[in-house]
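Below is query03.tsv, holding TSV, C-alpha atoms.
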chain	number	residue	atom	x	y	z
G	1254	MET	CA	-55.79	-30.76	17.81
G	1255	SER	CA	-52.34	-31.17	16.38
G	1256	HIS	CA	-49.20	-31.69	18.43
G	1257	THR	CA	-45.54	-31.59	17.70
G	1258	ASN	CA	-43.40	-34.45	18.95
G	1259	PRO	CA	-39.91	-33.18	19.68
G	1260	THR	CA	-37.30	-35.71	20.68
G	1261	LEU	CA	-35.68	-34.51	23.86
G	1262	ASP	CA	-32.35	-35.83	24.99
G	1263	ARG	CA	-31.21	-35.63	28.60
G	1264	ARG	CA	-29.56	-32.22	28.12
G	1265	THR	CA	-32.74	-30.80	26.62
G	1266	VAL	CA	-34.72	-32.00	29.62
G	1267	LEU	CA	-32.24	-30.40	31.98
G	1268	ARG	CA	-32.31	-27.11	30.03
G	1269	THR	CA	-36.10	-27.13	30.19
G	1270	VAL	CA	-36.10	-27.50	33.93
G	1271	GLY	CA	-33.31	-24.98	34.26
G	1272	ALA	CA	-35.69	-22.41	32.80
G	1273	ALA	CA	-38.46	-23.54	35.14
G	1274	ALA	CA	-36.15	-23.20	38.13
G	1275	ILE	CA	-36.20	-19.42	37.70
G	1276	GLY	CA	-39.57	-19.52	39.38
G	1277	ALA	CA	-38.88	-22.55	41.57
G	1278	SER	CA	-41.22	-21.72	44.41
G	1279	LEU	CA	-43.50	-19.22	42.66
G	1280	ALA	CA	-45.89	-19.25	39.76
G	1281	GLY	CA	-45.20	-17.84	36.35
G	1282	CYS	CA	-47.22	-15.38	34.32
G	1283	SER	CA	-48.44	-15.11	30.77
G	1284	ALA	CA	-48.92	-12.23	28.44
G	1285	LEU	CA	-52.29	-10.46	28.28
G	1286	ASN	CA	-54.69	-13.36	28.42
G	1287	SER	CA	-55.57	-13.13	32.05
G	1288	ALA	CA	-55.82	-10.73	34.96
G	1289	GLU	CA	-54.43	-7.83	32.95
G	1290	SER	CA	-57.27	-8.07	30.45
G	1291	ASP	CA	-60.03	-9.19	32.85
G	1292	GLY	CA	-59.98	-8.30	36.52
G	1293	ASP	CA	-61.97	-11.42	37.41
G	1294	ARG	CA	-59.39	-13.85	36.14
G	1295	PRO	CA	-57.34	-14.96	37.85
G	1296	VAL	CA	-58.34	-14.43	41.49
G	1297	LEU	CA	-54.80	-14.54	42.90
G	1298	PRO	CA	-52.47	-11.60	42.20
G	1299	PRO	CA	-49.45	-12.05	39.93
G	1300	PRO	CA	-46.40	-13.53	41.66
G	1301	GLU	CA	-43.49	-11.31	42.57
G	1302	ASN	CA	-41.36	-12.57	39.67
G	1303	HIS	CA	-44.04	-11.85	37.07
G	1304	GLU	CA	-41.88	-10.12	34.45
G	1305	ARG	CA	-38.92	-12.46	34.70
G	1306	ILE	CA	-41.06	-15.57	34.34
G	1307	LYS	CA	-43.05	-14.07	31.48
G	1308	GLU	CA	-39.87	-13.50	29.49
G	1309	SER	CA	-38.17	-16.80	30.34
G	1310	GLY	CA	-39.93	-19.02	27.80
G	1311	ILE	CA	-40.98	-21.71	30.28
G	1312	PRO	CA	-42.81	-24.42	28.29
G	1313	HIS	CA	-45.43	-25.43	30.84
G	1314	PRO	CA	-48.60	-23.41	31.57
G	1315	ILE	CA	-48.00	-20.42	33.82
G	1316	TYR	CA	-49.98	-17.79	35.70
G	1317	GLY	CA	-52.80	-16.31	33.64
G	1318	GLU	CA	-52.65	-18.84	30.81
G	1319	GLU	CA	-55.50	-21.11	29.85
G	1320	ILE	CA	-55.05	-24.78	30.63
G	1321	PRO	CA	-54.20	-26.93	27.58
G	1322	GLU	CA	-56.85	-29.33	26.31
G	1323	ALA	CA	-56.15	-33.03	26.34
G	1324	THR	CA	-58.38	-36.08	26.68
G	1325	VAL	CA	-56.90	-38.79	28.90
G	1326	PRO	CA	-58.29	-42.09	30.22
G	1327	ALA	CA	-59.27	-42.12	33.90
G	1328	PRO	CA	-59.04	-45.89	34.47
G	1329	LEU	CA	-60.56	-45.93	37.96
G	1330	HIS	CA	-63.67	-44.29	36.53
G	1331	ASP	CA	-63.92	-46.29	33.28
G	1332	ARG	CA	-64.03	-43.13	31.22
G	1333	SER	CA	-61.84	-40.52	29.60
G	1334	ILE	CA	-61.59	-36.98	30.92
G	1335	THR	CA	-60.86	-33.85	28.93
G	1336	THR	CA	-58.87	-31.38	30.98
G	1337	THR	CA	-61.08	-28.48	29.85
G	1338	ALA	CA	-64.34	-30.33	30.58
G	1339	PHE	CA	-64.49	-28.85	34.08
G	1340	THR	CA	-64.47	-25.26	32.80
G	1341	GLY	CA	-67.38	-23.38	34.33
G	1342	ASP	CA	-67.97	-26.13	36.87
G	1343	ARG	CA	-64.91	-26.77	39.06
G	1344	HIS	CA	-61.53	-25.37	39.94
G	1345	LEU	CA	-58.75	-27.89	39.30
G	1346	MET	CA	-55.39	-29.04	40.58
G	1347	LEU	CA	-53.14	-31.05	38.28
G	1348	THR	CA	-49.78	-32.68	38.76
G	1349	PHE	CA	-47.62	-35.18	36.85
G	1350	VAL	CA	-46.09	-38.18	38.61
G	1351	TYR	CA	-45.05	-41.81	38.35
G	1352	THR	CA	-45.93	-44.15	41.19
G	1353	SER	CA	-42.56	-45.88	41.59
G	1354	CYS	CA	-40.91	-42.51	42.28
G	1355	THR	CA	-39.50	-42.28	45.80
G	1356	THR	CA	-38.43	-38.63	45.85
G	1357	VAL	CA	-40.48	-35.72	44.49
G	1358	CYS	CA	-43.71	-37.43	43.40
G	1359	PRO	CA	-44.99	-38.47	46.84
G	1360	GLY	CA	-44.73	-34.83	47.92
G	1361	LEU	CA	-46.63	-33.64	44.84
G	1362	THR	CA	-49.36	-36.17	45.54
G	1363	ALA	CA	-49.44	-35.20	49.21
G	1364	ALA	CA	-49.89	-31.53	48.31
G	1365	LEU	CA	-53.04	-32.33	46.31
G	1366	ARG	CA	-54.19	-34.60	49.10
G	1367	ARG	CA	-53.84	-31.76	51.65
G	1368	VAL	CA	-56.09	-29.57	49.54
G	1369	GLN	CA	-58.56	-32.42	49.09
G	1370	ALA	CA	-58.77	-32.88	52.86
G	1371	ASP	CA	-59.24	-29.15	53.38
G	1372	ALA	CA	-61.95	-29.09	50.71
G	1373	THR	CA	-63.83	-31.81	52.57
G	1374	ASP	CA	-63.39	-30.08	55.94
G	1375	ARG	CA	-64.52	-26.70	54.60
G	1376	ASP	CA	-67.31	-27.94	52.34
G	1377	TYR	CA	-65.91	-27.02	48.94
G	1378	ALA	CA	-65.21	-30.59	47.80
G	1379	ASP	CA	-67.76	-30.23	44.99
G	1380	GLU	CA	-66.04	-27.10	43.71
G	1381	ILE	CA	-62.59	-28.52	43.01
G	1382	GLY	CA	-61.22	-31.54	41.14
G	1383	PHE	CA	-57.83	-33.25	41.35
G	1384	LEU	CA	-56.14	-34.64	38.23
G	1385	PRO	CA	-52.79	-36.34	38.91
G	1386	MET	CA	-51.48	-37.74	35.63
G	1387	THR	CA	-48.92	-40.53	35.29
G	1388	PHE	CA	-46.30	-40.44	32.56
G	1389	ASP	CA	-45.35	-44.11	33.12
G	1390	PRO	CA	-48.40	-46.00	31.80
G	1391	GLU	CA	-46.41	-49.20	31.28
G	1392	TYR	CA	-46.08	-49.63	35.04
G	1393	ASP	CA	-48.92	-47.49	36.38
G	1394	THR	CA	-51.93	-49.67	35.64
G	1395	ALA	CA	-55.36	-48.99	37.14
G	1396	ASP	CA	-54.61	-51.34	40.05
G	1397	VAL	CA	-51.25	-49.71	40.71
G	1398	LEU	CA	-52.80	-46.23	40.66
G	1399	GLU	CA	-55.55	-47.31	43.04
G	1400	SER	CA	-53.04	-48.81	45.49
G	1401	TYR	CA	-50.85	-45.72	45.23
G	1402	GLY	CA	-53.83	-43.51	46.04
G	1403	GLU	CA	-54.78	-45.66	49.03
G	1404	ASP	CA	-51.20	-45.61	50.30
G	1405	HIS	CA	-51.19	-41.80	50.10
G	1406	GLY	CA	-54.52	-41.31	51.83
G	1407	VAL	CA	-56.56	-40.25	48.80
G	1408	ASP	CA	-60.29	-40.01	49.57
G	1409	PHE	CA	-61.82	-41.70	46.53
G	1410	ASP	CA	-65.28	-41.43	48.09
G	1411	ALA	CA	-65.13	-37.63	47.81
G	1412	GLY	CA	-65.75	-37.99	44.08
G	1413	ASN	CA	-63.23	-35.35	43.06
G	1414	TRP	CA	-60.00	-37.32	42.52
G	1415	TYR	CA	-59.26	-38.65	39.02
G	1416	PHE	CA	-56.02	-40.47	38.26
G	1417	LEU	CA	-55.25	-39.92	34.57
G	1418	ARG	CA	-53.26	-42.48	32.58
G	1419	PRO	CA	-52.24	-42.01	28.94
G	1420	GLU	CA	-52.66	-45.33	27.15
G	1421	THR	CA	-49.10	-45.67	25.82
G	1422	PRO	CA	-45.65	-44.15	26.42
G	1423	ASP	CA	-46.04	-42.28	23.11
G	1424	ASP	CA	-49.34	-40.83	24.34
G	1425	ALA	CA	-47.63	-39.82	27.58
G	1426	LYS	CA	-44.95	-37.95	25.63
G	1427	ARG	CA	-47.55	-36.25	23.46
G	1428	ILE	CA	-49.82	-35.21	26.32
G	1429	VAL	CA	-47.52	-34.65	29.29
G	1430	GLN	CA	-44.47	-33.32	27.49
G	1431	ASP	CA	-45.70	-31.80	24.24
G	1432	THR	CA	-49.08	-30.45	25.38
G	1433	PHE	CA	-48.37	-29.53	29.01
G	1434	GLY	CA	-44.64	-28.83	28.66
G	1435	VAL	CA	-43.69	-31.18	31.49
G	1436	ALA	CA	-40.41	-32.72	30.38
G	1437	PHE	CA	-39.55	-36.26	31.42
G	1438	GLU	CA	-37.11	-38.94	30.35
G	1439	GLN	CA	-36.31	-42.37	31.66
G	1440	GLY	CA	-32.93	-42.19	33.33
G	1441	ASP	CA	-30.07	-44.62	33.76
G	1442	GLU	CA	-29.30	-46.78	36.77
G	1443	SER	CA	-26.73	-44.36	38.15
G	1444	SER	CA	-29.22	-41.51	38.41
G	1445	ASP	CA	-29.82	-39.80	41.72
G	1446	THR	CA	-31.52	-36.72	43.07
G	1447	GLY	CA	-29.66	-33.60	41.93
G	1448	ASP	CA	-29.67	-29.92	42.75
G	1449	ASP	CA	-31.37	-28.78	39.57
G	1450	GLY	CA	-35.03	-29.08	40.61
G	1451	MET	CA	-35.36	-32.47	38.92
G	1452	ASP	CA	-36.29	-35.83	40.34
G	1453	HIS	CA	-33.59	-38.26	39.18
G	1454	GLY	CA	-35.12	-41.30	40.81
G	1455	GLU	CA	-33.73	-43.54	43.48
G	1456	MET	CA	-30.27	-45.06	43.04
G	1457	ASP	CA	-30.48	-48.50	41.39
G	1458	HIS	CA	-34.24	-48.20	40.92
G	1459	SER	CA	-35.42	-50.09	37.86
G	1460	ARG	CA	-37.85	-47.34	36.78
G	1461	GLN	CA	-36.21	-43.94	37.05
G	1462	PHE	CA	-37.30	-40.74	35.36
G	1463	VAL	CA	-35.80	-37.31	35.13
G	1464	HIS	CA	-38.79	-34.97	35.10
G	1465	THR	CA	-40.13	-31.51	35.70
G	1466	SER	CA	-41.86	-31.00	39.03
G	1467	LEU	CA	-45.15	-29.13	38.53
G	1468	ILE	CA	-48.51	-28.55	40.22
G	1469	LEU	CA	-51.13	-26.38	38.52
G	1470	LEU	CA	-53.95	-24.61	40.35
G	1471	VAL	CA	-56.57	-23.73	37.73
G	1472	ASN	CA	-59.74	-21.70	38.27
G	1473	LYS	CA	-63.23	-22.44	36.96
G	1474	GLU	CA	-62.57	-20.47	33.79
G	1475	GLY	CA	-59.68	-22.79	32.97
G	1476	VAL	CA	-57.06	-20.15	33.78
G	1477	VAL	CA	-53.90	-20.98	35.74
G	1478	GLU	CA	-53.82	-19.27	39.14
G	1479	ARG	CA	-50.53	-20.78	40.28
G	1480	ALA	CA	-47.86	-23.02	38.76
G	1481	TYR	CA	-45.79	-24.48	41.58
G	1482	THR	CA	-42.39	-25.81	40.55
G	1483	GLY	CA	-39.31	-27.04	42.35
G	1484	GLY	CA	-41.12	-29.66	44.44
G	1485	SER	CA	-44.10	-29.62	46.75
G	1486	PRO	CA	-45.01	-26.13	48.08
G	1487	GLY	CA	-43.94	-25.72	51.67
G	1488	GLY	CA	-46.16	-25.07	54.66
G	1489	ASN	CA	-49.82	-24.37	54.05
G	1490	GLU	CA	-49.25	-22.20	50.97
G	1491	ILE	CA	-51.04	-24.40	48.45
G	1492	VAL	CA	-54.06	-24.92	50.73
G	1493	GLU	CA	-54.38	-21.19	51.38
G	1494	ASP	CA	-54.12	-20.43	47.66
G	1495	ALA	CA	-56.84	-22.96	46.85
G	1496	ARG	CA	-59.10	-21.51	49.55
G	1497	THR	CA	-58.54	-17.99	48.21
G	1498	VAL	CA	-59.51	-19.00	44.69
G	1499	VAL	CA	-62.66	-20.82	45.85
G	1500	GLU	CA	-63.73	-18.05	48.24
G	1501	GLY	CA	-62.92	-15.29	45.78
G	1502	TRP	CA	-64.88	-16.73	42.88

What is this file in structure tokens?
Amino acid sequence: MSHTNPTLDRRTVLRTVGAAAIGASLAGCSALNSAESDGDRPVLPPPENHERIKESGIPHPIYGEEIPEATVPAPLHDRSITTTAFTGDRHLMLTFVYTSCTTVCPGLTAALRRVQADATDRDYADEIGFLPMTFDPEYDTADVLESYGEDHGVDFDAGNWYFLRPETPDDAKRIVQDTFGVAFEQGDESSDTGDDGMDHGEMDHSRQFVHTSLILLVNKEGVVERAYTGGSPGGNEIVEDARTVVEGW
């Protein structure tokens, strides 16, 4: 599979997220590749802003699109995982984080963790997998990822949580940014949290990234049911959406 490797400067990253902000709390939609061509996929109905998102040119996967394929090491499992390998077997939730983040990323992780807990409570833990992917492999080693998961209450014993870690920063750019359309860039020391839907890192933090905030809920056919942007979904929305997909399959 070939990939392009565009070089994004800070303005490009901000423009990318500016487009994503159109659907800040709702999912996007794709052209006919989904529910419009097959009533069984996806399970959830199109979001209210279907047409606007479809025309906006958002680079990350959106409602009704198939999940991109990428093979990424899962260091806590001593194996690599291909994002499409679960097709036909499990629904998925993906997000993109870095563990030294103190603003948006803990909320993204917590959102997946809420669904994981609900899956255990309601006996659908074997039907859904969780794939949080770091884009800071230099810092986020296997030990760091394990500690981060423990600190955020991840249930590793459930057997459905896989931290993904590209091997190098170049791999992270190729997979996270070029394949999944999740823009990120290491920021400067004066960065802070802004009003543009981006996480600008903590002031004076040594590892700061400007990055798109994204969670994907993907059904068993590998089709995106929801693409949550603009931070962690509020309330119980993401849990209810996951339940609906599982129960409606």

*Counting all atoms listed in the file, the option among G:Pro1321, G:Pro1385, G:Gly1501, G:Pro1328 closest to Val1407 (chain G)*: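 Result for the nearest residue to Val1407 (chain G): G:Pro1385.
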
_Calculated over all atoms listed in the file, which of the candidates G:Glu1308, G:Asp1389, G:Glu1403, G:Glu1420 has the smallest distance to Ala1327 (chain G)?_
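The closest residue to Ala1327 (chain G) is G:Glu1420.
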
*What's the 10 Å shell around Val1368 (chain G), counting all atoms listed in the file, without same-chain residues fewer than 2 positions away, as an MDAnalysis selection string?*
chainID G and resid 1346 1363:1366 1370:1374 1378 1381 1383 1489 1491:1496

*Counting all atoms listed in the file, figure out which residue out of G:Ala1411, G:Met1386, G:Val1499, G:Ala1338 gets nearest to Val1429 (chain G).*
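Of all the options, G:Met1386 lies closest to Val1429 (chain G).
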
_Between G:Val1498, G:Val1476, G:Val1435, G:Cys1354, which residue has the minimum interatomic distance to Gly1317 (chain G), considering only C-alpha atoms?_
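Residue with the minimum atom-to-atom distance to Gly1317 (chain G): G:Val1476.
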
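Atom pair CA of Gln1439 (chain G) / CA of Ser1309 (chain G) has a distance of 25.7 Å (rounded to one decimal).
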
*Hey, can you check how far CA of Gly1341 (chain G) sits from CA of Val1471 (chain G)?*
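Result for CA of Gly1341 (chain G) versus CA of Val1471 (chain G): 11.3 Å, one decimal.
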
_Nearest to Glu1500 (chain G), chosen from G:Tyr1377, G:Tyr1316, G:Phe1349, G:Phe1416, with only C-alpha atoms counted in the distances_ =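 Answer, going by the shortest atom-to-atom distance: G:Tyr1377.
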
*Quick one, how far is CA of Val1296 (chain G) from CA of Arg1479 (chain G)?*
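Separating CA of Val1296 (chain G) from CA of Arg1479 (chain G) is a distance of 10.1 Å.
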
_Taking only C-alpha atoms into account, name the residue in G:Tyr1481, G:Phe1388, G:Trp1414, G:Phe1339 that is nearest to Phe1462 (chain G)._
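That would be G:Phe1388, the residue with the smallest distance to Phe1462 (chain G).
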
*Give as an NGL selection string each residue that has an atom at most 12 Å from (-64.1, -41.0, 33.2) in the file, counting all atoms listed in the file.*
:G and (1324-1336 or 1338 or 1384 or 1412-1418)

*Within 7 Å of Pro1314 (chain G) using only C-alpha atoms, minus same-chain residues under 4 positions, as a PyMOL selection string*: chain G and resi 1318+1320+1433

*Using only C-alpha atoms, find all polymer residues with an atom at most 8 Å away from the point (-47.3, -27.8, 42.2); report them as a list in words.*
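Applying the cut-off with only C-alpha atoms, one gets Leu1347, Thr1348, Leu1361, Ala1364, Ser1466, Leu1467, Ile1468, Leu1469, Leu1470, Arg1479, Ala1480, Tyr1481, Thr1482, Gly1484, Ser1485 and Pro1486 of chain G.
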